[in-house]
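Trainee: Provided below: final09.pdb, containing PDB, C-alpha atoms.
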MODEL        1
ATOM      1  CA  MET A  12     -14.043  19.376 -22.183
ATOM      2  CA  THR A  13     -15.092  23.006 -21.721
ATOM      3  CA  VAL A  14     -17.279  22.043 -18.778
ATOM      4  CA  LEU A  15     -14.367  20.237 -17.093
ATOM      5  CA  VAL A  16     -12.118  23.275 -17.469
ATOM      6  CA  LEU A  17     -14.844  25.469 -15.938
ATOM      7  CA  ILE A  18     -15.119  23.065 -12.990
ATOM      8  CA  LEU A  19     -11.389  23.354 -12.395
ATOM      9  CA  LYS A  20     -11.540  27.150 -12.452
ATOM     10  CA  ILE A  21     -14.103  27.293  -9.636
ATOM     11  CA  SER A  22     -12.652  24.361  -7.682
ATOM     12  CA  ILE A  23     -10.118  26.504  -5.778
ATOM     13  CA  SER A  24     -12.853  28.552  -4.125
ATOM     14  CA  VAL A  25     -14.959  25.465  -3.431
ATOM     15  CA  VAL A  26     -12.025  23.606  -1.843
ATOM     16  CA  LEU A  27     -11.051  26.491   0.430
ATOM     17  CA  LEU A  28     -14.643  27.157   1.492
ATOM     18  CA  ALA A  29     -15.330  23.467   2.149
ATOM     19  CA  SER A  30     -12.241  23.099   4.337
ATOM     20  CA  LEU A  31     -13.253  26.215   6.276
ATOM     21  CA  ALA A  32     -16.777  24.842   6.746
ATOM     22  CA  GLU A  33     -15.361  21.553   8.046
ATOM     23  CA  ALA A  34     -13.077  23.438  10.449
ATOM     24  CA  LEU A  35     -15.976  25.458  11.842
ATOM     25  CA  VAL A  36     -18.232  22.424  12.267
ATOM     26  CA  LEU A  37     -15.524  20.292  13.905
ATOM     27  CA  SER A  38     -14.543  23.151  16.201
ATOM     28  CA  TRP A  39     -18.168  23.728  17.192
ATOM     29  CA  ARG A  40     -18.744  20.031  17.909
ATOM     30  CA  ASN A  41     -15.451  19.198  19.621
ATOM     31  CA  GLY A  42     -14.279  22.534  21.000
ATOM     32  CA  TRP A  43     -12.287  25.287  19.325
ATOM     33  CA  ARG A  44      -8.983  24.045  20.695
ATOM     34  CA  SER A  45      -9.538  20.575  19.237
ATOM     35  CA  TYR A  46      -8.933  21.827  15.696
ATOM     36  CA  ASP A  47      -5.393  22.809  14.673
ATOM     37  CA  TRP A  48      -6.091  26.201  13.122
ATOM     38  CA  LYS A  49      -2.379  27.023  12.839
ATOM     39  CA  ALA A  50      -1.755  23.901  10.777
ATOM     40  CA  ALA A  51      -4.705  24.789   8.546
ATOM     41  CA  GLY A  52      -3.211  28.253   8.055
ATOM     42  CA  ILE A  53       0.109  26.675   7.033
ATOM     43  CA  SER A  54      -1.744  24.554   4.470
ATOM     44  CA  VAL A  55      -3.522  27.598   3.024
ATOM     45  CA  PHE A  56      -0.243  29.529   2.760
ATOM     46  CA  ASP A  57       1.513  26.536   1.175
ATOM     47  CA  PHE A  58      -1.319  26.349  -1.360
ATOM     48  CA  LEU A  59      -1.344  30.057  -2.223
ATOM     49  CA  VAL A  60       2.440  30.281  -2.696
ATOM     50  CA  ARG A  61       2.470  27.164  -4.861
ATOM     51  CA  GLU A  62      -0.497  28.171  -7.000
ATOM     52  CA  TYR A  63       0.470  31.761  -7.713
ATOM     53  CA  PRO A  64       4.132  32.911  -7.494
ATOM     54  CA  LEU A  65       5.604  29.417  -7.951
ATOM     55  CA  ARG A  66       3.310  28.602 -10.866
ATOM     56  CA  TRP A  67       4.829  31.615 -12.624
ATOM     57  CA  LEU A  68       8.426  31.109 -11.461
ATOM     58  CA  LEU A  69       8.536  27.315 -12.069
ATOM     59  CA  PRO A  70       6.469  26.586 -15.184
ATOM     60  CA  LEU A  71       5.934  23.059 -16.469
ATOM     61  CA  ALA A  72       6.957  23.946 -20.031
ATOM     62  CA  PHE A  73       9.805  21.397 -20.161
ATOM     63  CA  TRP A  74       7.682  18.440 -19.088
ATOM     64  CA  VAL A  75       4.708  19.444 -21.219
ATOM     65  CA  GLY A  76       7.084  19.834 -24.172
ATOM     66  CA  ALA A  77       8.481  16.348 -23.555
ATOM     67  CA  MET A  78       4.964  14.914 -23.393
ATOM     68  CA  ASP A  79       4.063  16.664 -26.659
ATOM     69  CA  TRP A  80       7.172  15.224 -28.344
ATOM     70  CA  LEU A  81       6.357  11.709 -27.171
ATOM     71  CA  TYR A  82       2.757  12.097 -28.311
ATOM     72  CA  ALA A  83       4.001  13.144 -31.758
ATOM     73  CA  HIS A  84       5.948   9.856 -31.840
ATOM     74  CA  ARG A  85       3.210   7.778 -30.186
ATOM     75  CA  LEU A  86       2.913   4.056 -30.725
ATOM     76  CA  PHE A  87      -0.877   4.105 -30.904
ATOM     77  CA  THR A  88      -3.674   6.594 -31.571
ATOM     78  CA  LEU A  89      -6.634   6.412 -29.224
ATOM     79  CA  PRO A  90     -10.165   7.244 -30.441
ATOM     80  CA  MET A  91     -10.779  10.362 -28.349
ATOM     81  CA  ASP A  92     -14.153  10.846 -30.080
ATOM     82  CA  HIS A  93     -15.326   7.652 -28.378
ATOM     83  CA  TRP A  94     -15.772   6.748 -24.698
ATOM     84  CA  THR A  95     -13.187   3.962 -24.952
ATOM     85  CA  GLY A  96     -10.440   6.517 -25.610
ATOM     86  CA  TRP A  97     -11.389   8.518 -22.520
ATOM     87  CA  LEU A  98     -11.567   5.339 -20.430
ATOM     88  CA  ALA A  99      -8.097   4.336 -21.610
ATOM     89  CA  CYS A 100      -6.755   7.777 -20.636
ATOM     90  CA  PHE A 101      -8.373   7.538 -17.215
ATOM     91  CA  VAL A 102      -6.932   4.099 -16.475
ATOM     92  CA  GLY A 103      -3.549   5.072 -17.908
ATOM     93  CA  GLN A 104      -3.373   8.198 -15.795
ATOM     94  CA  GLU A 105      -4.344   6.214 -12.684
ATOM     95  CA  PHE A 106      -1.611   3.673 -13.421
ATOM     96  CA  CYS A 107       1.006   6.416 -13.808
ATOM     97  CA  TYR A 108      -0.217   8.165 -10.672
ATOM     98  CA  TYR A 109       0.045   4.973  -8.626
ATOM     99  CA  TRP A 110       3.724   4.555  -9.524
ATOM    100  CA  TYR A 111       4.476   8.236  -8.972
ATOM    101  CA  HIS A 112       2.841   8.108  -5.533
ATOM    102  CA  ARG A 113       4.602   4.880  -4.633
ATOM    103  CA  ALA A 114       7.959   6.385  -5.626
ATOM    104  CA  ALA A 115       7.123   9.492  -3.593
ATOM    105  CA  HIS A 116       7.195   7.270  -0.497
ATOM    106  CA  ARG A 117      10.031   4.972  -1.514
ATOM    107  CA  VAL A 118      12.569   7.321  -3.170
ATOM    108  CA  ARG A 119      14.021  10.044  -0.971
ATOM    109  CA  TRP A 120      14.299  12.573  -3.820
ATOM    110  CA  PHE A 121      10.518  12.590  -4.214
ATOM    111  CA  TRP A 122       9.743  12.062  -0.523
ATOM    112  CA  CYS A 123      11.491  15.330   0.380
ATOM    113  CA  THR A 124       8.592  17.142  -1.281
ATOM    114  CA  HIS A 125       5.807  14.668  -0.563
ATOM    115  CA  ALA A 126       6.602  14.569   3.161
ATOM    116  CA  VAL A 127       5.179  18.093   3.389
ATOM    117  CA  HIS A 128       1.771  16.651   2.523
ATOM    118  CA  HIS A 129       2.106  14.123   5.358
ATOM    119  CA  SER A 130       3.403  16.619   7.930
ATOM    120  CA  PRO A 131       0.046  17.699   9.491
ATOM    121  CA  ASN A 132      -0.578  15.906  12.775
ATOM    122  CA  GLN A 133      -4.318  16.132  12.210
ATOM    123  CA  LEU A 134      -5.992  14.765   9.101
ATOM    124  CA  ASN A 135      -8.658  17.081   7.756
ATOM    125  CA  LEU A 136      -9.666  18.702   4.491
ATOM    126  CA  SER A 137      -7.057  21.456   4.808
ATOM    127  CA  ALA A 138      -4.296  18.831   4.656
ATOM    128  CA  ALA A 139      -5.498  17.868   1.170
ATOM    129  CA  TYR A 140      -3.920  20.906  -0.493
ATOM    130  CA  ARG A 141      -0.627  21.008   1.443
ATOM    131  CA  PHE A 142       1.682  19.659  -1.282
ATOM    132  CA  GLY A 143       5.015  21.422  -0.784
ATOM    133  CA  TRP A 144       6.850  23.860  -3.018
ATOM    134  CA  THR A 145       9.532  21.743  -4.702
ATOM    135  CA  GLY A 146       7.396  19.307  -6.688
ATOM    136  CA  ARG A 147       8.061  21.006 -10.008
ATOM    137  CA  LEU A 148      11.806  20.840  -9.390
ATOM    138  CA  THR A 149      11.855  17.121  -8.573
ATOM    139  CA  GLY A 150      10.201  16.102 -11.849
ATOM    140  CA  THR A 151       7.053  14.324 -10.733
ATOM    141  CA  LEU A 152       5.587  14.521 -14.252
ATOM    142  CA  ALA A 153       8.323  12.150 -15.455
ATOM    143  CA  PHE A 154       6.089   9.299 -14.284
ATOM    144  CA  PHE A 155       3.405  10.366 -16.748
ATOM    145  CA  LEU A 156       5.611  10.335 -19.873
ATOM    146  CA  LEU A 157       4.518   6.792 -20.724
ATOM    147  CA  ALA A 158       0.940   7.956 -21.278
ATOM    148  CA  PRO A 159       1.486  10.106 -24.412
ATOM    149  CA  LEU A 160       3.819   7.470 -25.874
ATOM    150  CA  LEU A 161       0.887   5.047 -25.706
ATOM    151  CA  GLY A 162      -1.389   7.495 -27.497
ATOM    152  CA  MET A 163      -2.937   9.451 -24.643
ATOM    153  CA  PRO A 164      -3.103  13.211 -25.450
ATOM    154  CA  PRO A 165      -0.941  15.186 -22.963
ATOM    155  CA  ARG A 166      -3.624  17.814 -22.295
ATOM    156  CA  ILE A 167      -6.149  15.090 -21.469
ATOM    157  CA  ILE A 168      -3.700  13.366 -19.123
ATOM    158  CA  LEU A 169      -2.889  16.632 -17.314
ATOM    159  CA  LEU A 170      -6.598  17.428 -17.042
ATOM    160  CA  MET A 171      -7.347  14.005 -15.603
ATOM    161  CA  LEU A 172      -4.434  14.326 -13.180
ATOM    162  CA  THR A 173      -5.923  17.589 -11.944
ATOM    163  CA  LEU A 174      -9.323  15.939 -11.564
ATOM    164  CA  ASN A 175      -7.607  13.041  -9.772
ATOM    165  CA  LEU A 176      -6.171  15.447  -7.184
ATOM    166  CA  LEU A 177      -9.509  17.238  -6.919
ATOM    167  CA  TYR A 178     -11.233  13.905  -6.224
ATOM    168  CA  GLN A 179      -8.753  13.219  -3.429
ATOM    169  CA  PHE A 180      -9.803  16.369  -1.572
ATOM    170  CA  TRP A 181     -12.831  14.762   0.123
ATOM    171  CA  ILE A 182     -11.025  11.573   1.145
ATOM    172  CA  HIS A 183      -8.935  13.533   3.685
ATOM    173  CA  ALA A 184     -11.926  13.528   6.055
ATOM    174  CA  THR A 185     -11.812  11.470   9.249
ATOM    175  CA  TRP A 186     -15.562  11.642   9.884
ATOM    176  CA  ILE A 187     -16.654   9.648   6.805
ATOM    177  CA  PRO A 188     -17.055   5.923   7.598
ATOM    178  CA  LYS A 189     -16.157   2.948   5.433
ATOM    179  CA  LEU A 190     -18.183   2.804   2.224
ATOM    180  CA  GLY A 191     -18.906  -0.905   1.885
ATOM    181  CA  PRO A 192     -18.346  -2.453  -1.566
ATOM    182  CA  LEU A 193     -16.820   0.797  -2.870
ATOM    183  CA  GLU A 194     -13.741   0.036  -0.747
ATOM    184  CA  TRP A 195     -12.835  -2.680  -3.274
ATOM    185  CA  VAL A 196     -12.595  -0.281  -6.204
ATOM    186  CA  LEU A 197     -12.207   3.336  -5.089
ATOM    187  CA  ASN A 198      -9.733   5.201  -2.952
ATOM    188  CA  THR A 199     -12.003   6.097  -0.030
ATOM    189  CA  PRO A 200     -11.592   8.145   3.169
ATOM    190  CA  SER A 201     -10.950   4.903   5.064
ATOM    191  CA  ALA A 202      -8.204   3.801   2.657
ATOM    192  CA  HIS A 203      -6.648   7.255   2.676
ATOM    193  CA  ARG A 204      -6.683   7.509   6.465
ATOM    194  CA  VAL A 205      -4.433   4.454   6.438
ATOM    195  CA  HIS A 206      -2.191   6.100   3.853
ATOM    196  CA  HIS A 207      -1.716   9.143   6.098
ATOM    197  CA  ALA A 208      -1.213   7.121   9.272
ATOM    198  CA  SER A 209       2.258   6.901  10.827
ATOM    199  CA  ASN A 210       1.607   3.613  12.637
ATOM    200  CA  LEU A 211       4.210   1.055  11.555
ATOM    201  CA  GLU A 212       1.415  -1.343  10.599
ATOM    202  CA  TYR A 213       0.030   1.210   8.151
ATOM    203  CA  LEU A 214       3.183   2.662   6.561
ATOM    204  CA  ASP A 215       3.659   2.591   2.784
ATOM    205  CA  GLY A 216       0.231   1.511   1.638
ATOM    206  CA  ASN A 217      -2.764   2.701  -0.400
ATOM    207  CA  TYR A 218      -1.070   4.775  -3.102
ATOM    208  CA  GLY A 219      -4.021   4.990  -5.487
ATOM    209  CA  GLY A 220      -5.608   8.213  -6.705
ATOM    210  CA  VAL A 221      -9.240   7.640  -7.633
ATOM    211  CA  LEU A 222      -8.885   3.865  -7.819
ATOM    212  CA  ILE A 223      -7.557   1.430  -5.216
ATOM    213  CA  VAL A 224      -7.355  -1.510  -7.640
ATOM    214  CA  PHE A 225      -3.642  -1.076  -8.397
ATOM    215  CA  ASP A 226      -2.858  -1.317  -4.694
ATOM    216  CA  ARG A 227      -4.751  -4.572  -4.553
ATOM    217  CA  LEU A 228      -3.036  -5.767  -7.720
ATOM    218  CA  PHE A 229       0.515  -4.906  -6.597
ATOM    219  CA  GLY A 230       0.173  -5.881  -2.930
ATOM    220  CA  THR A 231       0.212  -2.434  -1.294
ATOM    221  CA  TYR A 232      -3.386  -2.317  -0.072
ATOM    222  CA  ILE A 233      -3.764  -2.042   3.717
ATOM    223  CA  PRO A 234      -7.288  -1.991   5.233
ATOM    224  CA  GLU A 235      -8.180   0.261   8.122
ATOM    225  CA  ARG A 236      -8.515  -1.723  11.346
ATOM    226  CA  ALA A 237     -11.059  -1.011  14.084
ATOM    227  CA  ASP A 238      -8.540  -2.132  16.711
ATOM    228  CA  LEU A 239      -5.754   0.159  15.466
ATOM    229  CA  PRO A 240      -6.660   3.873  15.370
ATOM    230  CA  CYS A 241      -4.669   5.900  12.877
ATOM    231  CA  ARG A 242      -1.981   8.218  14.226
ATOM    232  CA  TYR A 243      -1.381  10.996  11.724
ATOM    233  CA  GLY A 244       1.717  12.935  10.764
ATOM    234  CA  LEU A 245       5.262  11.707  10.259
ATOM    235  CA  VAL A 246       6.667   8.877  12.364
ATOM    236  CA  LYS A 247       8.493  11.538  14.334
ATOM    237  CA  PRO A 248       5.960  14.391  14.268
ATOM    238  CA  ILE A 249       6.882  17.884  13.219
ATOM    239  CA  THR A 250       5.497  20.027  16.027
ATOM    240  CA  SER A 251       6.878  23.316  14.747
ATOM    241  CA  TYR A 252       4.710  25.788  12.875
ATOM    242  CA  ASN A 253       7.779  27.265  11.181
ATOM    243  CA  LEU A 254       6.819  27.230   7.514
ATOM    244  CA  PHE A 255      10.376  26.765   6.246
ATOM    245  CA  GLU A 256      11.018  23.926   8.701
ATOM    246  CA  ILE A 257       7.954  22.140   7.330
ATOM    247  CA  GLU A 258       8.840  22.798   3.690
ATOM    248  CA  PHE A 259      12.562  21.957   3.689
ATOM    249  CA  SER A 260      13.449  19.813   6.729
ATOM    250  CA  GLN A 261      13.581  16.590   4.699
ATOM    251  CA  TRP A 262      16.493  17.858   2.593
ATOM    252  CA  ARG A 263      18.875  18.090   5.564
ATOM    253  CA  ASP A 264      20.602  14.742   5.116
ATOM    254  CA  LEU A 265      21.935  15.836   1.738
ATOM    255  CA  ARG A 266      24.074  18.391   3.554
ATOM    256  CA  SER A 267      25.423  15.734   5.909
ATOM    257  CA  ALA A 268      26.656  13.423   3.123
ATOM    258  CA  ARG A 269      30.427  12.874   3.360
ATOM    259  CA  SER A 270      30.874  10.976   0.100
ATOM    260  CA  LEU A 271      29.383  10.666  -3.353
ATOM    261  CA  ARG A 272      27.925   7.279  -2.366
ATOM    262  CA  ALA A 273      26.185   8.814   0.625
ATOM    263  CA  PHE A 274      24.872  11.734  -1.425
ATOM    264  CA  VAL A 275      23.447   9.452  -4.136
ATOM    265  CA  GLY A 276      22.055   7.109  -1.483
ATOM    266  CA  TYR A 277      20.204   9.928   0.224
ATOM    267  CA  LEU A 278      18.676  10.815  -3.141
ATOM    268  CA  VAL A 279      17.554   7.434  -4.448
ATOM    269  CA  LYS A 280      17.270   5.121  -1.427
ATOM    270  CA  PRO A 281      14.051   4.892   0.631
ATOM    271  CA  PRO A 282      13.385   7.463   3.356
ATOM    272  CA  GLY A 283      15.251   6.454   6.488
ATOM    273  CA  TRP A 284      18.267   4.967   4.681
ATOM    274  CA  ARG A 285      21.573   5.764   6.381
ATOM    275  CA  ALA A 286      25.044   5.803   4.885
ATOM    276  CA  ASP A 287      26.793   5.132   8.193
ATOM    277  CA  GLY A 288      25.034   1.985   9.388
ATOM    278  CA  PRO A 289      21.563   0.572  10.104
ATOM    279  CA  GLY A 290      18.851   2.984   9.095
ATOM    280  CA  GLU A 291      15.189   3.586   9.731
ATOM    281  CA  THR A 292      13.467   2.539   6.527
ATOM    282  CA  THR A 293       9.996   1.070   6.834
ATOM    283  CA  GLU A 294      11.396  -2.450   6.454
ATOM    284  CA  GLU A 295      14.039  -1.924   9.138
ATOM    285  CA  LEU A 296      11.591  -0.396  11.587
ATOM    286  CA  ARG A 297       9.115  -3.229  11.026
ATOM    287  CA  GLN A 298      11.809  -5.833  11.538
ATOM    288  CA  ARG A 299      12.858  -4.271  14.843
ATOM    289  CA  ALA A 300       9.232  -4.208  15.950
ATOM    290  CA  ALA A 301       8.760  -7.878  14.868
ATOM    291  CA  LEU A 302       6.208  -6.927  12.229
ATOM    292  CA  PRO A 303       5.960  -8.372   8.697
ATOM    293  CA  PRO A 304       8.150  -6.417   6.242
ATOM    294  CA  SER A 305       5.296  -5.970   3.776
ATOM    295  CA  PRO A 306       1.613  -5.204   4.430
ATOM    296  CA  SER A 307       0.665  -7.979   2.004
ATOM    297  CA  MET A 308       2.562 -10.621   4.002
ATOM    298  CA  PRO A 309       1.089 -12.469   6.993
ATOM    299  CA  ALA A 310       2.535 -11.692  10.394
ATOM    300  CA  PRO A 311       5.282 -14.215  11.260
ATOM    301  CA  ALA A 312       5.700 -15.904  14.598
ATOM    302  CA  ALA A 313       7.874 -14.163  17.163
ATOM    303  CA  SER A 314      10.358 -17.032  16.941
ATOM    304  CA  ASP A 315      11.067 -16.088  13.327
ATOM    305  CA  PHE A 316      12.998 -13.019  14.465
ATOM    306  CA  VAL A 317      16.390 -12.797  16.126
ATOM    307  CA  PRO A 318      16.007 -10.773  19.342
ATOM    308  CA  ILE A 319      17.652  -7.350  19.144
ATOM    309  CA  SER A 320      17.715  -4.384  21.420
ATOM    310  CA  PRO A 321      14.740  -2.044  21.031
ATOM    311  CA  VAL A 322      15.184   1.267  19.240
ATOM    312  CA  SER A 323      13.169   4.427  19.326
ATOM    313  CA  LEU A 324      11.123   5.230  16.241
ATOM    314  CA  LYS A 325      12.509   8.178  14.371
ATOM    315  CA  GLU A 326      11.162  10.196  11.490
ATOM    316  CA  LEU A 327      11.444   8.606   8.064
ATOM    317  CA  SER A 328      13.888  11.165   6.849
TER     318      SER A 328
ENDMDL
END
Can the structure in the file be given as structure tokens, please?
Mentor:
Amino acid sequence: MTVLVLILKISISVVLLASLAEALVLSWRNGWRSYDWKAAGISVFDFLVREYPLRWLLPLAFWVGAMDWLYAHRLFTLPMDHWTGWLACFVGQEFCYYWYHRAAHRVRWFWCTHAVHHSPNQLNLSAAYRFGWTGRLTGTLAFFLLAPLLGMPPRIILLMLTLNLLYQFWIHATWIPKLGPLEWVLNTPSAHRVHHASNLEYLDGNYGGVLIVFDRLFGTYIPERADLPCRYGLVKPITSYNLFEIEFSQWRDLRSARSLRAFVGYLVKPPGWRADGPGETTEELRQRAALPPSPSMPAPAASDFVPISPVSLKELS
């Protein structure tokens, strides 16, 4: 346990240095203008603000307190002096993370923060630590409250969540190829490239943290295709380098709500839902493009769709 905490303490320096090394190598190989240094700077600033002033201003005391209370009233007690207890915590944390990450793409309230992570138009290691500033306000730890109720110690779950995010750092690389049989079990760079892609065929897939097995189990796994290069960023890219535009642009629709129904809909419906008519959710965009509504479904014949007028793809906002 002490060794793991020490690893986490030095991980910040390692992550920043590794992303800088990747930037220098890619710039040297492909030309200095090929690498988006401004976007990398935005990611570094996002990281520093979140990790230092916001960590002090927005502590996690409420959620940690709730996890402690649930653990005190747990249904089971895991043997944390045995490897089976640690394995149960790992799998339990991965299960909770999968559903948090899936909700972050399917519930607007969580997407408003998570969209910041998907805003870079280049995928590289610096994008890995661009998380947004409002995560602690939206209550992402609520998805992990089941773990202590089932006997998983809160501190162990939070530690494993941190290690989960640290693992995901390296999978934001575009230069690492597919990893053969590991693609069946682990979240790999190939699987995560699909997750960050804005192509309609790739949207809303591969939510796993360390493992990809829950995506395969729940029908959200999408393999990377050689014939379909990934296009990164949001469906409608954010081209501005204005930090506040990147951090808060997804919250705009809340201001445009003209009724309580619209306001609640913008909070809990999927990104792209509209209160005033047809929207631009993933399902609606896929239907208009004559694509299957779910990545786990086979592509239907063109005759299965009623012809409609084409629409331009807009940002899932």
Trainee: Take the PyMOL selection byres ((chain A and resi 225-232) around 10), apply it to the structure above, and return the hits as JSON, numbers by chain.
Mentor: {"A": [105, 106, 109, 110, 113, 195, 196, 198, 202, 205, 206, 213, 214, 215, 216, 217, 218, 219, 220, 222, 223, 224, 233, 234, 235, 305, 306, 307, 308]}
Trainee: Determine the residue set returned by the PyMOL selection byres ((chain A and resi 58-75) around 12) for the present structure, and present it as a ChimeraX atom specification.
Mentor: /A:23-24,26-27,51-57,76-82,127-128,137-156,159,164-169,254,258
Trainee: Can you sort out the box for stretch 50-67 of chain A, edges along x, y and z, all listed atoms in, 8 Å on every side, with centre and edge lengths in Å to one decimal, as JSON?
Mentor:
{"center_x": 0.4, "center_y": 28.4, "center_z": -0.9, "size_x": 26.3, "size_y": 25.0, "size_z": 39.4}
Trainee: Mind telling me what the PyMOL selection byres ((chain A and resi 97) around 12) catches here, as number ranges by chain?
Mentor: A: 12, 89-96, 98-104, 162-164, 167-168, 170-171
Trainee: How many Å separate atom CA of A:Leu35 from atom CA of A:Asn132?
Mentor: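 According to the coordinates, atom CA of A:Leu35 and atom CA of A:Asn132 are separated by 18.1 Å.
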Trainee: Could you check how far atom CA of A:Trp284 sits from atom CA of A:Ala114, in Å to one decimal?
Mentor: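 Between atom CA of A:Trp284 and atom CA of A:Ala114 the gap works out to 14.6 Å.
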